[in-house]
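Colleague: Just one file: start_36.csv, with CSV, C-alpha atoms.
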```csv
chain,number,residue,atom,x,y,z
A,10,MET,CA,85.5,101.1,74.2
A,11,ILE,CA,88.4,99.4,76.0
A,12,LYS,CA,87.4,96.7,78.4
A,13,LEU,CA,88.8,96.8,82.0
A,14,LYS,CA,90.2,93.3,81.6
A,15,ASN,CA,92.2,94.3,78.5
A,16,LEU,CA,93.5,97.5,80.3
A,17,VAL,CA,94.7,95.5,83.3
A,18,GLU,CA,96.4,92.9,81.1
A,19,SER,CA,98.2,95.6,79.1
A,20,ILE,CA,99.5,97.2,82.4
A,21,VAL,CA,100.7,93.9,83.8
A,22,ASN,CA,102.5,93.0,80.6
A,23,LEU,CA,104.4,96.3,80.3
A,24,PRO,CA,108.1,95.7,79.9
A,25,THR,CA,110.2,96.9,82.8
A,26,THR,CA,112.4,99.8,82.0
A,27,SER,CA,116.0,100.1,82.9
A,28,GLU,CA,115.1,103.0,85.2
A,29,ASN,CA,113.0,100.7,87.4
A,30,ALA,CA,115.6,97.9,87.5
A,31,PRO,CA,118.2,98.2,90.2
A,32,ARG,CA,121.6,99.1,88.9
A,33,LYS,CA,124.3,96.5,89.1
A,34,LEU,CA,127.8,97.3,90.4
A,35,SER,CA,130.9,96.1,88.6
A,36,LYS,CA,133.5,94.2,90.5
A,37,GLU,CA,135.7,97.3,90.6
A,38,GLN,CA,132.8,99.4,91.9
A,39,LYS,CA,132.1,96.7,94.6
A,40,LYS,CA,135.8,96.8,95.6
A,41,VAL,CA,135.8,100.6,95.8
A,42,LEU,CA,132.6,100.5,97.9
A,43,SER,CA,134.0,97.9,100.2
A,44,GLU,CA,137.2,100.0,100.8
A,45,LEU,CA,135.2,103.2,101.3
A,46,VAL,CA,132.8,101.7,103.8
A,47,HIS,CA,135.5,99.8,105.6
A,48,ASN,CA,137.4,103.0,106.2
A,49,TYR,CA,134.3,105.0,107.2
A,50,ASN,CA,135.5,105.9,110.7
A,51,GLU,CA,138.6,107.5,109.2
A,52,TYR,CA,136.5,110.2,107.6
A,53,GLY,CA,135.0,111.1,111.0
A,54,LYS,CA,138.5,112.3,112.1
A,55,ALA,CA,138.0,115.4,110.0
A,56,LEU,CA,134.8,116.3,111.8
A,57,HIS,CA,136.6,116.1,115.2
A,58,GLU,CA,139.3,118.5,114.0
A,59,TYR,CA,136.7,121.3,113.7
A,60,ALA,CA,136.3,121.2,117.5
A,61,LYS,CA,139.8,122.7,117.7
A,62,ILE,CA,138.6,125.9,115.9
A,63,VAL,CA,136.9,127.1,119.1
A,64,GLU,CA,140.1,126.6,121.0
A,65,VAL,CA,142.0,128.6,118.4
A,66,ALA,CA,139.4,131.4,118.7
A,67,ASP,CA,139.8,131.5,122.4
A,68,ASN,CA,143.6,131.6,122.1
A,69,LEU,CA,143.4,134.4,119.5
A,70,LYS,CA,141.3,136.5,121.8
A,71,LYS,CA,143.8,136.0,124.6
A,72,ILE,CA,146.7,136.9,122.3
A,73,SER,CA,145.0,140.1,121.2
A,74,GLU,CA,144.4,141.2,124.8
A,75,TYR,CA,147.8,140.3,126.2
A,76,ALA,CA,149.8,141.5,123.2
A,77,GLU,CA,148.1,144.9,123.3
A,78,THR,CA,149.0,145.3,127.0
A,79,TYR,CA,152.5,144.3,126.3
A,80,VAL,CA,153.1,146.4,123.2
A,81,VAL,CA,151.5,149.6,124.6
A,82,ASN,CA,153.6,149.3,127.8
A,83,GLU,CA,156.7,148.8,125.7
A,84,CYS,CA,156.2,151.8,123.5
A,85,SER,CA,158.6,154.5,124.1
A,86,ASP,CA,156.5,157.5,123.2
A,87,TRP,CA,152.9,158.7,123.0
A,88,THR,CA,152.7,158.4,119.1
A,89,GLN,CA,153.8,154.8,119.1
A,90,ALA,CA,151.4,153.9,121.9
A,91,ASN,CA,148.4,155.4,120.0
A,92,VAL,CA,149.3,153.7,116.7
A,93,ALA,CA,149.6,150.4,118.6
A,94,LYS,CA,146.2,151.0,120.3
A,95,ARG,CA,144.6,151.5,116.9
A,96,HIS,CA,146.2,148.4,115.5
A,97,PHE,CA,145.1,146.3,118.5
A,98,THR,CA,141.6,147.7,118.3
A,99,GLU,CA,141.5,146.3,114.8
A,100,ILE,CA,143.0,143.0,115.9
A,101,LYS,CA,140.4,142.7,118.6
A,102,LYS,CA,137.6,143.3,116.1
A,103,HIS,CA,139.0,140.5,113.9
A,104,ALA,CA,139.4,138.2,116.9
A,105,GLU,CA,135.8,138.8,117.9
A,106,ALA,CA,134.6,138.1,114.3
A,107,PHE,CA,136.7,135.0,114.3
A,108,ASN,CA,135.3,133.9,117.6
A,109,LYS,CA,131.7,134.4,116.4
A,110,MET,CA,132.4,132.4,113.2
A,111,ALA,CA,134.1,129.7,115.2
A,112,LYS,CA,131.0,129.2,117.3
A,113,GLU,CA,128.8,129.0,114.2
A,114,VAL,CA,131.2,126.5,112.6
A,115,ASN,CA,131.1,124.5,115.9
A,116,GLU,CA,127.3,124.4,115.9
A,117,LYS,CA,127.3,123.2,112.3
A,118,ASN,CA,129.9,120.7,113.0
A,119,ILE,CA,127.9,119.2,115.8
A,120,HIS,CA,125.0,118.8,113.4
A,121,MET,CA,127.2,117.3,110.7
A,122,THR,CA,128.7,114.9,113.2
A,123,SER,CA,125.3,113.7,114.2
A,124,LEU,CA,124.3,113.1,110.6
A,125,TYR,CA,127.6,111.4,109.9
A,126,GLU,CA,127.1,109.0,112.9
A,127,ASP,CA,123.5,108.3,111.7
A,128,VAL,CA,124.8,107.3,108.3
A,129,GLY,CA,127.5,105.1,110.0
A,130,GLY,CA,124.9,103.4,112.1
A,131,ILE,CA,122.9,102.4,109.1
A,132,LEU,CA,125.9,101.3,107.1
A,133,GLU,CA,127.1,99.1,110.0
A,134,LYS,CA,123.9,97.1,109.6
A,135,TYR,CA,125.1,96.0,106.1
A,136,PHE,CA,128.9,96.4,106.0
A,137,GLU,CA,131.9,95.9,108.2
A,138,ILE,CA,133.4,99.2,109.3
A,139,LYS,CA,136.9,99.2,110.6
A,140,ASP,CA,137.3,100.3,114.2
A,141,ILE,CA,139.9,103.1,114.2
A,142,ASP,CA,141.1,102.2,117.7
A,143,LYS,CA,142.2,98.8,116.3
A,144,LYS,CA,145.3,98.8,114.1
```
Can you give me the file's structure in the form of structure tokens?

Modeller:
Amino acid sequence: MIKLKNLVESIVNLPTTSENAPRKLSKEQKKVLSELVHNYNEYGKALHEYAKIVEVADNLKKISEYAETYVVNECSDWTQANVAKRHFTEIKKHAEAFNKMAKEVNEKNIHMTSLYEDVGGILEKYFEIKDIDKK
């Protein structure tokens, strides 16, 4: 029968495995980390570009409406006008689908931006992050 004292001593004297020990970074890895974190705000620019997708969707919708009116009025005969109407009906469907997807992307982008800012807030506690307004 194993005594409790021997069991505790055997647990305390267990060698630590490399899995439990924190991993050390090489000098090169530290340099890469420093550069990546220093430029953290630069990465956020990509998130702000997605906001323009909603603007593109709105413009696409306007284009489809105005272009249809213009082309149908400029058609010289009934056949051309009907073909143009069919084409612009298809364009409007695509523009609507694009608009719907743009709104979904914008919602996801808002969530991603929030997560990105949360990560940045934590990183700022430990690292210096370059302000993109300062050159």

Colleague: If you measure from atom CA of A:Glu64 to atom CA of A:Ala111, what distance in Å do you get, rounded to one decimal?

Modeller: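 We find that atom CA of A:Glu64 and atom CA of A:Ala111 lie 8.9 Å from each other.
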
Colleague: Atom CA of A:Leu56 and atom CA of A:Lys101, how far apart in Å?

Modeller: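 Those two atoms sit 27.8 Å apart.
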
Colleague: From the options A:Glu58, A:Glu37, A:Glu74, A:Glu44, which residue's atoms come nearest to A:Lys102, counting all atoms listed in the file?

Modeller: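 The shortest atom-to-atom distance to A:Lys102 comes from A:Glu74.
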
Colleague: Would you mind listing, for every residue of stretch 36-89 of chain A within 10 Å of stretch 119-122 of chain A, the two atoms forming the shortest contact and the distance between them in Å to one decimal, using only C-alpha atoms, sorted by chain and ascending residue number, as JSON lines?

Modeller:
```
{"residue": "A:Gly53", "atom": "CA", "partner": "A:Thr122", "partner_atom": "CA", "distance": 7.7}
{"residue": "A:Ala55", "atom": "CA", "partner": "A:Thr122", "partner_atom": "CA", "distance": 9.8}
{"residue": "A:Leu56", "atom": "CA", "partner": "A:Thr122", "partner_atom": "CA", "distance": 6.4}
{"residue": "A:His57", "atom": "CA", "partner": "A:Thr122", "partner_atom": "CA", "distance": 8.2}
{"residue": "A:Tyr59", "atom": "CA", "partner": "A:Ile119", "partner_atom": "CA", "distance": 9.3}
{"residue": "A:Ala60", "atom": "CA", "partner": "A:Ile119", "partner_atom": "CA", "distance": 8.8}
```

Colleague: For A:Ala66, which residue out of A:Val92, A:Leu132, A:Ala104, A:Ile141 is the nearest one, using all atoms listed in the file?

Modeller: A:Ala104

Colleague: Using all atoms listed in the file, which of A:Tyr49, A:Phe107, A:Phe97, A:Tyr79 sits nearest A:Glu133?

Modeller: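 Closest to A:Glu133 of all the choices is A:Tyr49.
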
Colleague: Compare A:Arg32, A:His47, A:Arg95, A:Lys40 by their minimum atom-to-atom distance to A:Tyr135, counting all atoms listed in the file, and give me the closest one.

Modeller: A:His47

Colleague: Provide the atom CA of A:Asn115 to atom CA of A:Val65 distance in Å, to one decimal place.

Modeller: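 So the answer is 11.9 Å.
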
Colleague: From the list A:Ile131, A:Glu126, A:Lys71, A:Leu42, which residue is nearest A:Asn108 when using all atoms listed in the file?

Modeller: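 Ranked by minimum distance to A:Asn108, first place goes to A:Lys71.
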